[in-house]
Every structure is written in C-alpha cells, then in structure tokens.
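Heads up, final_2.txt below (compact mmCIF, C-alpha atoms):
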```
# COMPACT_ATOMS: atom_id res chain seq x y z
CA MET B 22 5.42 21.93 19.40
CA LYS B 23 3.34 19.11 17.95
CA VAL B 24 1.04 21.61 16.26
CA ASN B 25 3.98 23.51 14.79
CA VAL B 26 5.41 20.39 13.23
CA MET B 27 2.07 19.55 11.63
CA THR B 28 1.80 23.14 10.39
CA ASP B 29 5.23 22.85 8.81
CA ILE B 30 4.28 19.65 7.02
CA LEU B 31 1.11 21.22 5.65
CA GLN B 32 2.89 24.42 4.61
CA ALA B 33 5.56 22.46 2.76
CA ASN B 34 2.83 20.43 1.05
CA ASP B 35 0.90 23.56 0.08
CA LEU B 36 3.99 25.20 -1.42
CA LEU B 37 4.72 22.15 -3.55
CA ALA B 38 1.05 21.80 -4.51
CA ARG B 39 1.10 25.44 -5.69
CA ASP B 40 4.08 24.69 -7.94
CA ILE B 41 2.30 21.64 -9.36
CA ARG B 42 -0.88 23.68 -9.93
CA ASN B 43 1.10 26.37 -11.78
CA MET B 44 2.77 23.71 -13.91
CA PHE B 45 -0.64 22.22 -14.81
CA HIS B 46 -1.87 25.70 -15.69
CA ASP B 47 1.09 26.39 -17.96
CA ARG B 48 0.63 23.04 -19.71
CA LYS B 49 -3.17 23.38 -19.92
CA ILE B 50 -3.65 20.10 -18.03
CA VAL B 51 -6.85 19.74 -16.00
CA CYS B 52 -6.26 17.59 -12.91
CA TRP B 53 -8.90 15.96 -10.67
CA ASN B 54 -8.19 14.47 -7.24
CA VAL B 55 -10.45 11.40 -7.01
CA MET B 56 -11.22 10.32 -3.45
CA GLY B 57 -13.51 7.90 -1.60
CA SER B 58 -13.75 4.91 0.73
CA PRO B 59 -11.95 1.63 0.03
CA GLY B 60 -14.00 -0.25 -2.54
CA ALA B 61 -16.26 2.68 -3.48
CA GLY B 62 -15.40 1.94 -7.10
CA LYS B 63 -12.94 4.73 -7.92
CA THR B 64 -10.87 2.56 -10.26
CA ALA B 65 -13.95 0.94 -11.83
CA MET B 66 -15.38 4.40 -12.57
CA LEU B 67 -12.12 5.46 -14.24
CA GLU B 68 -11.94 2.20 -16.24
CA ARG B 69 -15.36 3.00 -17.72
CA LEU B 70 -14.87 6.77 -18.10
CA VAL B 71 -11.36 6.94 -19.55
CA PRO B 72 -12.11 5.18 -22.88
CA MET B 73 -15.09 7.56 -23.43
CA LEU B 74 -12.96 10.69 -23.21
CA PRO B 75 -12.12 12.52 -26.46
CA VAL B 76 -9.01 14.07 -24.89
CA LYS B 77 -5.62 12.56 -23.92
CA VAL B 78 -5.68 11.26 -20.37
CA ALA B 79 -3.29 9.88 -17.75
CA VAL B 80 -4.07 8.35 -14.35
CA ILE B 81 -1.97 8.30 -11.20
CA GLU B 82 -3.02 5.58 -8.75
CA GLY B 83 -2.38 5.86 -5.02
CA ASP B 84 -2.44 2.78 -2.79
CA LEU B 85 -0.82 1.63 0.42
CA ALA B 86 0.40 -1.49 -1.39
CA THR B 87 0.18 -3.40 -4.71
CA SER B 88 0.16 -2.04 -8.27
CA ARG B 89 -3.18 -3.61 -9.19
CA ASP B 90 -5.06 -0.39 -9.85
CA ALA B 91 -2.43 1.02 -12.23
CA GLU B 92 -2.39 -2.33 -14.04
CA ARG B 93 -6.19 -2.17 -14.43
CA ILE B 94 -6.01 1.38 -15.79
CA SER B 95 -3.14 0.60 -18.18
CA LYS B 96 -5.44 -1.89 -19.94
CA THR B 97 -7.51 1.08 -21.15
CA GLY B 98 -4.46 2.15 -23.17
CA VAL B 99 -3.66 5.39 -21.34
CA GLN B 100 -0.57 6.29 -19.36
CA SER B 101 -0.76 5.25 -15.72
CA ALA B 102 1.57 5.46 -12.73
CA GLN B 103 1.31 3.76 -9.34
CA ILE B 104 2.28 5.41 -6.07
CA ASN B 105 2.69 3.05 -3.12
CA THR B 106 2.47 5.06 0.06
CA ASN B 107 3.96 2.23 2.17
CA GLY B 108 1.39 2.65 4.87
CA ALA B 109 0.61 6.36 4.62
CA CYS B 110 -3.11 7.08 4.68
CA HIS B 111 -3.16 9.75 1.94
CA LEU B 112 -1.25 11.07 -1.04
CA ASP B 113 0.76 14.25 -0.67
CA ALA B 114 2.14 16.69 -3.22
CA ALA B 115 5.68 15.27 -3.04
CA MET B 116 4.42 11.79 -3.99
CA VAL B 117 2.48 13.27 -6.91
CA ARG B 118 5.52 15.31 -7.99
CA SER B 119 7.59 12.09 -8.19
CA ALA B 120 4.89 10.21 -10.10
CA LEU B 121 4.58 13.07 -12.61
CA ASP B 122 8.21 12.46 -13.61
CA THR B 123 7.11 9.10 -15.06
CA ILE B 124 4.34 10.57 -17.25
CA GLU B 125 4.74 12.22 -20.68
CA LEU B 126 2.96 15.43 -19.77
CA ASP B 127 3.27 16.86 -23.30
CA ASP B 128 0.88 14.12 -24.43
CA ILE B 129 -2.03 14.81 -22.06
CA SER B 130 -4.60 17.45 -21.24
CA LEU B 131 -6.44 15.62 -18.45
CA LEU B 132 -5.09 13.87 -15.36
CA PHE B 133 -6.90 11.87 -12.71
CA ILE B 134 -5.16 11.21 -9.42
CA GLU B 135 -6.86 8.37 -7.57
CA ASN B 136 -6.11 8.86 -3.89
CA VAL B 137 -5.78 6.21 -1.18
CA GLY B 138 -9.15 4.71 -0.24
CA ASN B 139 -9.93 6.75 2.86
CA LEU B 140 -12.84 9.08 3.62
CA VAL B 141 -10.88 11.17 6.14
CA CYS B 142 -7.17 11.93 5.73
CA PRO B 143 -6.77 12.71 1.99
CA SER B 144 -9.02 15.77 2.35
CA GLY B 145 -6.27 17.69 4.20
CA PHE B 146 -3.65 17.44 1.45
CA ASP B 147 -3.68 19.66 -1.63
CA LEU B 148 -2.11 17.84 -4.60
CA GLY B 149 -2.25 20.79 -7.01
CA GLU B 150 -5.55 19.60 -8.49
CA LYS B 151 -8.17 21.79 -10.17
CA GLY B 152 -10.84 20.18 -8.03
CA ARG B 153 -12.07 17.10 -6.22
CA ILE B 154 -14.33 14.23 -7.18
CA ILE B 155 -15.60 11.96 -4.42
CA VAL B 156 -16.81 8.51 -5.44
CA ALA B 157 -19.41 7.19 -3.00
CA SER B 158 -20.94 3.74 -3.24
CA ILE B 159 -24.62 3.30 -2.41
CA THR B 160 -23.70 0.23 -0.36
CA GLU B 161 -21.89 2.53 2.10
CA GLY B 162 -25.26 3.98 3.13
CA ASP B 163 -26.91 7.35 2.58
CA ASP B 164 -25.66 8.92 5.85
CA LYS B 165 -22.01 9.35 4.88
CA PRO B 166 -21.79 13.08 3.92
CA GLU B 167 -22.85 14.10 7.43
CA LYS B 168 -20.64 11.46 9.07
CA TYR B 169 -17.53 12.40 7.05
CA PRO B 170 -17.96 16.18 6.66
CA SER B 171 -14.27 17.08 6.34
CA MET B 172 -14.09 15.09 3.11
CA TYR B 173 -17.50 15.89 1.65
CA LYS B 174 -17.22 19.64 2.19
CA THR B 175 -14.26 19.77 -0.24
CA ALA B 176 -16.01 18.03 -3.17
CA ASP B 177 -16.74 19.70 -6.49
CA LEU B 178 -18.55 16.58 -7.65
CA VAL B 179 -19.87 13.52 -5.86
CA VAL B 180 -20.28 10.45 -8.08
CA VAL B 181 -22.77 8.09 -6.44
CA ASN B 182 -21.67 4.71 -7.73
CA LYS B 183 -23.15 1.17 -7.80
CA MET B 184 -26.66 2.36 -8.64
CA ASP B 185 -27.16 -1.13 -10.13
CA MET B 186 -27.23 -2.46 -6.54
CA GLN B 187 -30.14 -0.19 -5.54
CA GLU B 188 -32.64 -3.05 -5.55
CA ASN B 189 -31.06 -4.90 -2.60
CA SER B 190 -30.18 -1.76 -0.69
CA ASN B 191 -31.93 0.66 1.64
CA PHE B 192 -29.95 3.61 0.20
CA LYS B 193 -32.16 6.62 -0.57
CA ILE B 194 -30.59 9.13 -2.94
CA GLU B 195 -32.77 11.92 -1.50
CA ASN B 196 -31.33 11.32 1.98
CA PHE B 197 -27.80 11.35 0.57
CA GLU B 198 -28.42 14.57 -1.37
CA LYS B 199 -30.02 16.24 1.64
CA GLY B 200 -26.98 15.39 3.78
CA LEU B 201 -24.57 16.52 1.09
CA LYS B 202 -26.35 19.85 0.65
CA THR B 203 -26.13 20.45 4.41
CA ILE B 204 -22.36 19.92 4.35
CA ASN B 205 -21.56 21.31 0.89
CA PRO B 206 -24.34 23.15 -0.96
CA SER B 207 -22.19 23.84 -4.04
CA SER B 208 -21.21 20.26 -4.89
CA ASP B 209 -22.69 18.63 -7.95
CA ILE B 210 -23.93 15.04 -7.75
CA VAL B 211 -24.12 12.40 -10.48
CA PRO B 212 -25.50 8.88 -9.82
CA VAL B 213 -23.81 6.21 -11.94
CA SER B 214 -23.28 2.50 -12.33
CA SER B 215 -19.86 1.42 -13.55
CA VAL B 216 -21.43 -1.97 -14.34
CA THR B 217 -24.36 -0.85 -16.53
CA GLY B 218 -22.96 2.51 -17.66
CA GLU B 219 -25.96 4.41 -16.25
CA GLY B 220 -25.10 8.07 -15.67
CA PHE B 221 -21.79 8.08 -17.56
CA ASP B 222 -23.12 10.42 -20.26
CA LYS B 223 -23.82 12.99 -17.55
CA LEU B 224 -20.45 12.35 -15.87
CA LEU B 225 -18.66 12.72 -19.21
CA GLY B 226 -20.47 16.02 -19.80
CA TRP B 227 -19.48 17.30 -16.36
CA ILE B 228 -15.81 16.53 -17.04
CA LEU B 229 -15.79 18.00 -20.56
CA ASP B 230 -17.58 21.18 -19.44
CA ARG B 231 -14.51 21.84 -17.24
CA GLN B 232 -11.87 20.83 -19.80
CA MET W 4 12.24 15.79 15.05
CA LYS W 5 9.01 14.89 13.30
CA VAL W 6 9.62 11.21 14.00
CA ASN W 7 10.30 11.90 17.67
CA VAL W 8 7.05 13.76 18.10
CA MET W 9 5.10 10.90 16.51
CA THR W 10 6.92 8.45 18.76
CA ASP W 11 5.94 10.48 21.81
CA ILE W 12 2.29 10.46 20.79
CA LEU W 13 2.30 6.70 20.27
CA GLN W 14 4.15 6.03 23.54
CA ALA W 15 1.65 8.15 25.49
CA ASN W 16 -1.20 6.26 23.80
CA ASP W 17 0.36 2.87 24.56
CA LEU W 18 0.83 3.75 28.23
CA LEU W 19 -2.79 4.78 28.58
CA ALA W 20 -3.95 1.73 26.60
CA ARG W 21 -2.00 -0.50 29.02
CA ASP W 22 -3.83 1.07 31.95
CA ILE W 23 -7.17 0.52 30.25
CA ARG W 24 -6.26 -3.11 29.45
CA ASN W 25 -5.30 -3.72 33.08
CA MET W 26 -8.58 -2.20 34.25
CA PHE W 27 -10.54 -4.47 31.84
CA HIS W 28 -8.58 -7.46 33.18
CA ASP W 29 -9.36 -6.58 36.79
CA ARG W 30 -13.06 -6.15 36.01
CA LYS W 31 -13.20 -9.26 33.78
CA ILE W 32 -14.45 -7.21 30.84
CA VAL W 33 -13.62 -8.51 27.35
CA CYS W 34 -13.15 -5.63 24.89
CA TRP W 35 -13.10 -5.81 21.06
CA ASN W 36 -11.92 -2.99 18.79
CA VAL W 37 -14.23 -3.13 15.75
CA MET W 38 -12.76 -1.57 12.63
CA GLY W 39 -13.51 -1.30 8.91
CA SER W 40 -14.25 1.01 5.99
CA PRO W 41 -17.03 3.59 6.07
CA GLY W 42 -20.28 1.75 5.39
CA ALA W 43 -18.86 -1.77 5.82
CA GLY W 44 -21.72 -2.43 8.22
CA LYS W 45 -20.01 -2.27 11.60
CA THR W 46 -23.03 -0.78 13.36
CA ALA W 47 -25.48 -3.05 11.52
CA MET W 48 -23.47 -6.09 12.62
CA LEU W 49 -23.56 -4.91 16.25
CA GLU W 50 -27.29 -4.14 16.05
CA ARG W 51 -27.91 -7.78 15.07
CA LEU W 52 -25.29 -9.36 17.37
CA VAL W 53 -25.87 -7.47 20.62
CA PRO W 54 -29.44 -8.73 21.30
CA MET W 55 -28.23 -12.35 20.77
CA LEU W 56 -25.57 -12.14 23.49
CA PRO W 57 -26.28 -13.86 26.82
CA VAL W 58 -23.85 -11.53 28.64
CA LYS W 59 -24.13 -7.84 29.58
CA VAL W 60 -22.76 -5.62 26.82
CA ALA W 61 -21.90 -1.98 26.19
CA VAL W 62 -20.88 -0.28 22.94
CA ILE W 63 -18.70 2.78 22.41
CA GLU W 64 -19.21 4.39 19.00
CA GLY W 65 -16.50 6.47 17.32
CA ASP W 66 -17.35 8.90 14.51
CA LEU W 67 -15.99 12.15 13.14
CA ALA W 68 -19.42 13.70 13.60
CA THR W 69 -23.05 12.91 14.55
CA SER W 70 -24.40 10.62 17.30
CA ARG W 71 -26.40 8.42 14.93
CA ASP W 72 -24.56 5.18 15.57
CA ALA W 73 -24.88 5.40 19.37
CA GLU W 74 -28.58 6.18 18.92
CA ARG W 75 -28.98 3.07 16.74
CA ILE W 76 -27.19 0.90 19.32
CA SER W 77 -29.15 2.34 22.26
CA LYS W 78 -32.33 0.98 20.67
CA THR W 79 -31.06 -2.55 21.40
CA GLY W 80 -31.37 -1.67 25.10
CA VAL W 81 -27.68 -1.78 26.02
CA GLN W 82 -25.47 1.03 27.27
CA SER W 83 -23.86 3.06 24.49
CA ALA W 84 -21.59 6.08 24.33
CA GLN W 85 -20.67 8.25 21.36
CA ILE W 86 -17.21 9.70 20.79
CA ASN W 87 -17.00 12.47 18.20
CA THR W 88 -13.40 12.82 17.08
CA ASN W 89 -14.05 16.25 15.51
CA GLY W 90 -12.13 15.37 12.39
CA ALA W 91 -9.59 12.90 13.74
CA CYS W 92 -9.27 9.78 11.58
CA HIS W 93 -9.06 7.23 14.43
CA LEU W 94 -9.90 6.67 18.08
CA ASP W 95 -7.12 6.85 20.63
CA ALA W 96 -6.86 5.56 24.18
CA ALA W 97 -7.56 8.97 25.74
CA MET W 98 -10.88 9.24 23.89
CA VAL W 99 -11.83 5.74 25.06
CA ARG W 100 -10.80 6.55 28.64
CA SER W 101 -13.20 9.55 28.61
CA ALA W 102 -16.04 7.53 27.12
CA LEU W 103 -15.58 4.78 29.74
CA ASP W 104 -16.43 7.35 32.43
CA THR W 105 -19.98 7.44 31.04
CA ILE W 106 -20.53 3.66 31.20
CA GLU W 107 -21.52 1.60 34.26
CA LEU W 108 -18.64 -0.84 34.06
CA ASP W 109 -19.89 -2.89 37.03
CA ASP W 110 -22.83 -3.91 34.87
CA ILE W 111 -20.96 -5.34 31.85
CA SER W 112 -18.62 -8.15 30.90
CA LEU W 113 -18.29 -7.38 27.19
CA LEU W 114 -17.48 -4.11 25.42
CA PHE W 115 -17.37 -3.33 21.72
CA ILE W 116 -15.57 -0.18 20.59
CA GLU W 117 -16.61 0.73 17.05
CA ASN W 118 -13.77 2.75 15.58
CA VAL W 119 -13.96 5.52 12.95
CA GLY W 120 -14.69 4.11 9.48
CA ASN W 121 -11.18 3.98 8.06
CA LEU W 122 -9.15 1.05 6.77
CA VAL W 123 -5.78 2.70 7.51
CA CYS W 124 -5.23 4.93 10.54
CA PRO W 125 -7.07 3.15 13.39
CA SER W 126 -4.69 0.18 13.12
CA GLY W 127 -1.84 2.18 14.69
CA PHE W 128 -3.64 2.99 17.94
CA ASP W 129 -4.01 0.51 20.79
CA LEU W 130 -7.22 1.19 22.75
CA GLY W 131 -6.60 -1.42 25.46
CA GLU W 132 -8.70 -4.01 23.64
CA LYS W 133 -8.34 -7.78 23.93
CA GLY W 134 -8.34 -8.06 20.16
CA ARG W 135 -9.54 -6.69 16.85
CA ILE W 136 -12.49 -7.48 14.63
CA ILE W 137 -12.47 -6.08 11.09
CA VAL W 138 -15.81 -5.82 9.33
CA ALA W 139 -15.39 -6.04 5.55
CA SER W 140 -18.24 -5.66 3.08
CA ILE W 141 -18.27 -7.84 -0.03
CA THR W 142 -19.17 -4.75 -2.05
CA GLU W 143 -15.71 -3.35 -1.28
CA GLY W 144 -14.17 -6.09 -3.43
CA ASP W 145 -12.13 -9.18 -2.64
CA ASP W 146 -8.72 -7.49 -3.05
CA LYS W 147 -8.77 -5.39 0.13
CA PRO W 148 -6.60 -7.44 2.55
CA GLU W 149 -3.60 -7.09 0.24
CA LYS W 150 -4.34 -3.43 -0.51
CA TYR W 151 -4.74 -2.46 3.17
CA PRO W 152 -2.19 -4.75 4.87
CA SER W 153 -1.44 -2.56 7.90
CA MET W 154 -5.06 -2.97 9.01
CA TYR W 155 -5.66 -6.59 8.02
CA LYS W 156 -2.48 -7.89 9.62
CA THR W 157 -3.77 -6.85 13.08
CA ALA W 158 -7.12 -8.69 12.88
CA ASP W 159 -8.10 -11.55 15.16
CA LEU W 160 -11.34 -11.98 13.23
CA VAL W 161 -12.55 -10.69 9.88
CA VAL W 162 -16.33 -10.56 9.52
CA VAL W 163 -17.21 -10.56 5.82
CA ASN W 164 -20.52 -8.73 5.75
CA LYS W 165 -23.32 -8.20 3.18
CA MET W 166 -23.23 -11.80 1.94
CA ASP W 167 -26.86 -11.20 0.90
CA MET W 168 -25.51 -8.98 -1.92
CA GLN W 169 -23.35 -11.77 -3.38
CA GLU W 170 -25.68 -12.30 -6.34
CA ASN W 171 -25.03 -8.89 -7.91
CA SER W 172 -21.36 -8.83 -7.02
CA ASN W 173 -18.13 -10.24 -8.44
CA PHE W 174 -16.72 -10.79 -4.94
CA LYS W 175 -15.13 -14.23 -4.52
CA ILE W 176 -14.68 -15.33 -0.93
CA GLU W 177 -11.80 -17.64 -1.94
CA ASN W 178 -9.86 -14.65 -3.35
CA PHE W 179 -10.52 -12.66 -0.19
CA GLU W 180 -9.42 -15.56 2.06
CA LYS W 181 -6.29 -16.16 -0.01
CA GLY W 182 -5.32 -12.49 0.30
CA LEU W 183 -6.07 -12.44 4.02
CA LYS W 184 -3.99 -15.58 4.66
CA THR W 185 -1.06 -13.96 2.82
CA ILE W 186 -1.21 -10.91 5.10
CA ASN W 187 -2.39 -12.54 8.31
CA PRO W 188 -2.43 -16.37 8.45
CA SER W 189 -3.77 -16.50 12.02
CA SER W 190 -6.94 -14.45 11.53
CA ASP W 191 -10.29 -16.19 11.63
CA ILE W 192 -12.93 -15.33 9.05
CA VAL W 193 -16.72 -15.47 9.33
CA PRO W 194 -19.02 -14.55 6.41
CA VAL W 195 -22.31 -13.00 7.55
CA SER W 196 -25.31 -11.01 6.43
CA SER W 197 -26.67 -8.49 8.89
CA VAL W 198 -29.85 -8.44 6.78
CA THR W 199 -30.66 -12.17 6.68
CA GLY W 200 -28.78 -13.22 9.82
CA GLU W 201 -26.63 -15.74 7.89
CA GLY W 202 -23.44 -16.57 9.80
CA PHE W 203 -24.45 -14.93 13.10
CA ASP W 204 -24.56 -18.28 14.94
CA LYS W 205 -20.91 -18.78 14.04
CA LEU W 206 -20.04 -15.17 14.95
CA LEU W 207 -21.83 -15.53 18.29
CA GLY W 208 -19.88 -18.72 18.97
CA TRP W 209 -16.57 -17.01 18.17
CA ILE W 210 -17.34 -14.20 20.62
CA LEU W 211 -18.55 -16.50 23.41
CA ASP W 212 -15.55 -18.83 23.05
CA ARG W 213 -13.40 -15.85 24.04
CA GLN W 214 -15.67 -14.56 26.83
```
Can you present the structure in this file as structure tokens?
Amino acid sequence: MKVNVMTDILQANDLLARDIRNMFHDRKIVCWNVMGSPGAGKTAMLERLVPMLPVKVAVIEGDLATSRDAERISKTGVQSAQINTNGACHLDAAMVRSALDTIELDDISLLFIENVGNLVCPSGFDLGEKGRIIVASITEGDDKPEKYPSMYKTADLVVVNKMDMQENSNFKIENFEKGLKTINPSSDIVPVSSVTGEGFDKLLGWILDRQ
Amino acid sequence: MKVNVMTDILQANDLLARDIRNMFHDRKIVCWNVMGSPGAGKTAMLERLVPMLPVKVAVIEGDLATSRDAERISKTGVQSAQINTNGACHLDAAMVRSALDTIELDDISLLFIENVGNLVCPSGFDLGEKGRIIVASITEGDDKPEKYPSMYKTADLVVVNKMDMQENSNFKIENFEKGLKTINPSSDIVPVSSVTGEGFDKLLGWILDRQ
C-alpha cells in the first residue's frame, strides 16, 4: 500500500508537470530546473547570469523557509517569486503551478526554477522544465557525482562553481568529470566562478544555444 | 490516507530507535548522529577527530552509493561499516540496526553515525542516538540555519568546518551564530578546520564531556 500511495503522488505530479510543459511550449518559454546542495551557489550564479541575458527572464526560488533568495534575485530587476515549502525537501509541480500565477508569463521567454538545496530528493520530481542544471561547488569535493548518482544522472548541464577557491582546495576537475561521465555521459560541464565571472561567457552561450 | 501511511512509517522507526537507544544505554555506548550538507566535511572531521579520542570508537557511514567514506574511516584503524541507502535520502533506524550487526559492540564506548549528506530529510528520523552534531561548511554561507530550520533546530552541537577557507569567503561567524540562536538557542557551536586542526581541542572536549 505504501508503494501505491507514492506512485499516486508521482503520477499526479507527472500529469501536472506535463500540463506545465505544454503551457511553456505554447508560450515559447524555456524553463530550467536548477538544483544542487545547500550553499553550492545556485542563487549567486543566477545573480551573475541573469543581467547578462539578452532575453526576458523570471526566476522562481524554492526554499524551506525565508524569502531571501527571491529578494536577492529581484535586485537584478527581473520578476521573481518565492516558494516556501514549509519543510518539504523538494519542489513539486503543484508548487510551481501556484508560483507561475504570480509571474507575467507574457513578458518572459526564459524561466529558472531554483529548487530546494538538496542533492537527493528534487531529482524525483518533474516540474515541467525543459532540462536540468546542477550547480556543484568545488568545496563539496570532486567525488559527488558518484556519491549522488540519482541527481547527477538527470543533469543536462553541471555548473562547477567557486573555481576561485581552487587554490585552497584539493578538488580536481578531472576527477569530478570522470565521475560525472561514469554516471551521466551526456551531461555538459562548465566550470565557473560567480565571484570573478570566470566561465560565464561559456555558460551564457550554453543557455542561449538552447533558447 | 497519505498522512496515515507516513505516520505508520515514523512510528515504526521510533519504536526501533527506542530499542537501539536502550541497547546503547545498557552497553554504555554514546552515539552521535552526524548530519550536514553534501561536502560539508563530515568524514574529514571524523578522520581528524577519531585518532584523538582516548576511548574505543566505531563509525557507521551512510551514503546513497559507494563505500568510499567507510574506507577513509577504516584507515584510522577503528571499526567502520558502510550503509548504502540505494537512493534513499536519509538513514533510518532499521538500516542502523542492520549495520550494528557488523560491529563488535563489546569493544566500543563511542559510536558516530554519519548520515546521508542532506540538510533536510535526515532530521525526521531518530536513529537511537544520544544527540545530533551538524557539520556546516563556511563555504555554504552564513544564512543556512534560518534557511534549513528543521535540521538546525535538532542540533546539540554545530561544528562550523573549513575555517581555513575564511580568507576567500564572505562567511561571517556572527551572522551564522545569530541565525542559529534564533532557530535553536540551546545548541553549542564549535568552529574548526579539518585541514589545520584549529578548534579540534574544543571539539574533543565537547565530546569527552558527554562520554
């Protein structure tokens, strides 16, 4: 019975995610589900990337509590909405559907949904996105793709953030890439620093190639 | 119905956790549930702490996949066991019960259980521990206690790790402490560096005071 209940939850989520995906398709909005550990730098990456984009953007922020991330994003001048999950460990399609009601969708062609900081649970929930971007921080260590395979195997792009901290770290990008390729050979990978701006030209190109 | 099923799971876990806690009490084993984000440095902290301890120790490692952490701990010369959750986002009491069967409990008086790297889900599952230690990395940012309250409110001790990376970081320990005190006024806090050894005398003292 327990399994059936979980199956029902996932089926309901998938049905709603399909509706959201169809709506994005009709409106020509490209949507990315941005995932990663707490403190990987998801919001910092978006703060740097969003002002570089030559298309109209909105950002939905998912957190257990506080509206800090949406406040940070709103300072870039784009539309932002905050979902508080009140303890839930991931966003689901129903939460996204509610947040979309607060955004002027006619005004945008690109949407980032920043998920709850969690390298496990968000991977199981389709939000209607075109694809998934995982933000990894080099300070997390280079062994994470193999230790968190359920998340990493769903990535279209892995942004390896905080490259400015390489000097004091034993992170080796070749180890990280090797692990990622074992789990998910088709994922792209872009090293960046949201502090120095390193790698953001390549990240911008990756996004615009799919716009 | 969904709520009832979740309640049943948690009740079953709590019953088993109570049995484990009673067993630890009878054997005079002190057990700490060590939690934190992926890459916060939970294993690195234990690698440095375990050889300093004047009591017999064992470590149970929880990961979605791989046995790397147990292999790292076994190099310190103490007993270690690896639980692979096969995708589950937290340890539960049944997993711990199985892992305990592989440890010579007569030989130890201190047990660390390193949970899955996740700042959300593990907080809901009692493992029979005496208390909880959260390892936070300064590279995660100083806003995490307020953003992940369900986890931080259960901590007996927060170990703030990677203090050696302070120079390149905008982490402010006073912001972190202020947030933690808002969520959990009774938690202790010890800043450390598993690289330089800073703070490990204080951490050792905290552990031994409760032994």
Can you pull out every residue within 7 Å of stretch 73-77 of chain B, counting all atoms listed in the file, but drop anything in the same chain fewer than 5 positions away, and send it as a ChimeraX atom specification? /B:128-131
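Restricting the calculation to all atoms listed in the file, the smallest distance between W:Lys147 and any of W:Phe179, W:Phe115, W:Trp35, W:Phe174 is found for W:Phe179.
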Which residues of chain B come within 8 Å of chain W, and what is each one's closest atom pair and distance in Å (one decimal), counting all atoms listed in the file, sorted by chain and residue number, as a tab-separated table?
```
residue	atom	partner	partner_atom	distance
B:Lys23	CA	W:Val8	CA	6.5
B:Val26	CA	W:Lys5	CA	6.6
B:Ser58	CA	W:Pro41	CA	6.4
B:Pro59	CA	W:Glu143	CA	6.4
B:Gly60	CA	W:Glu143	CA	3.8
B:Ala61	CA	W:Glu143	CA	6.4
B:Gly62	CA	W:Glu143	CA	7.9
B:Asp84	CA	W:Lys150	CA	6.9
B:Leu85	CA	W:Lys150	CA	6.2
B:Ala86	CA	W:Lys150	CA	5.2
B:Thr87	CA	W:Lys150	CA	6.2
B:Gly108	CA	W:Ser153	CA	6.7
B:Ala109	CA	W:Val123	CA	7.9
B:Cys110	CA	W:Val123	CA	5.9
B:Gly138	CA	W:Leu122	CA	7.9
B:Asn139	CA	W:Asn121	CA	6.0
B:Leu140	CA	W:Asn121	CA	7.0
B:Val141	CA	W:Cys92	CA	5.8
B:Cys142	CA	W:Cys92	CA	6.6
B:Thr160	CA	W:Gly42	CA	6.9
B:Glu161	CA	W:Gly42	CA	3.7
B:Gly162	CA	W:Gly42	CA	5.9
B:Lys165	CA	W:Pro41	CA	7.7
B:Glu167	CA	W:Ala68	CA	7.1
B:Lys168	CA	W:Ala68	CA	5.2
B:Tyr169	CA	W:Leu67	CA	6.3
B:Pro170	CA	W:Ala68	CA	7.5
B:Ser171	CA	W:Gly90	CA	6.6
B:Met186	CA	W:Asn171	CA	6.9
B:Asn189	CA	W:Met168	CA	6.9
```
What does the distance from atom CA of W:Val198 to atom CA of B:Ser214 come to in Å, to one decimal? 23.0 Å
Spatial neighbours of B:Gly218, max dist 12 Å, only C-alpha atoms, sep filter under 4 positions, as a PyMOL selection string: chain B and resi 65-70+73+182-185+212-214+222-225
Take the residues from that selection and put them in a file with C-alpha atoms, as a short mmCIF file (atom, residue, chain, number, x, y, z; two decimals), in the coordinates of the input.
```
data_model
loop_
_atom_site.label_atom_id
_atom_site.label_comp_id
_atom_site.auth_asym_id
_atom_site.auth_seq_id
_atom_site.Cartn_x
_atom_site.Cartn_y
_atom_site.Cartn_z
CA ALA B 65 -13.95 0.94 -11.83
CA MET B 66 -15.38 4.40 -12.57
CA LEU B 67 -12.12 5.46 -14.24
CA GLU B 68 -11.94 2.20 -16.24
CA ARG B 69 -15.36 3.00 -17.72
CA LEU B 70 -14.87 6.77 -18.10
CA MET B 73 -15.09 7.56 -23.43
CA ASN B 182 -21.67 4.71 -7.73
CA LYS B 183 -23.15 1.17 -7.80
CA MET B 184 -26.66 2.36 -8.64
CA ASP B 185 -27.16 -1.13 -10.13
CA PRO B 212 -25.50 8.88 -9.82
CA VAL B 213 -23.81 6.21 -11.94
CA SER B 214 -23.28 2.50 -12.33
CA ASP B 222 -23.12 10.42 -20.26
CA LYS B 223 -23.82 12.99 -17.55
CA LEU B 224 -20.45 12.35 -15.87
CA LEU B 225 -18.66 12.72 -19.21
#
```
How many Å lie between atom CA of W:Ala84 and atom CA of W:Leu211, rounded to one decimal? 22.8 Å
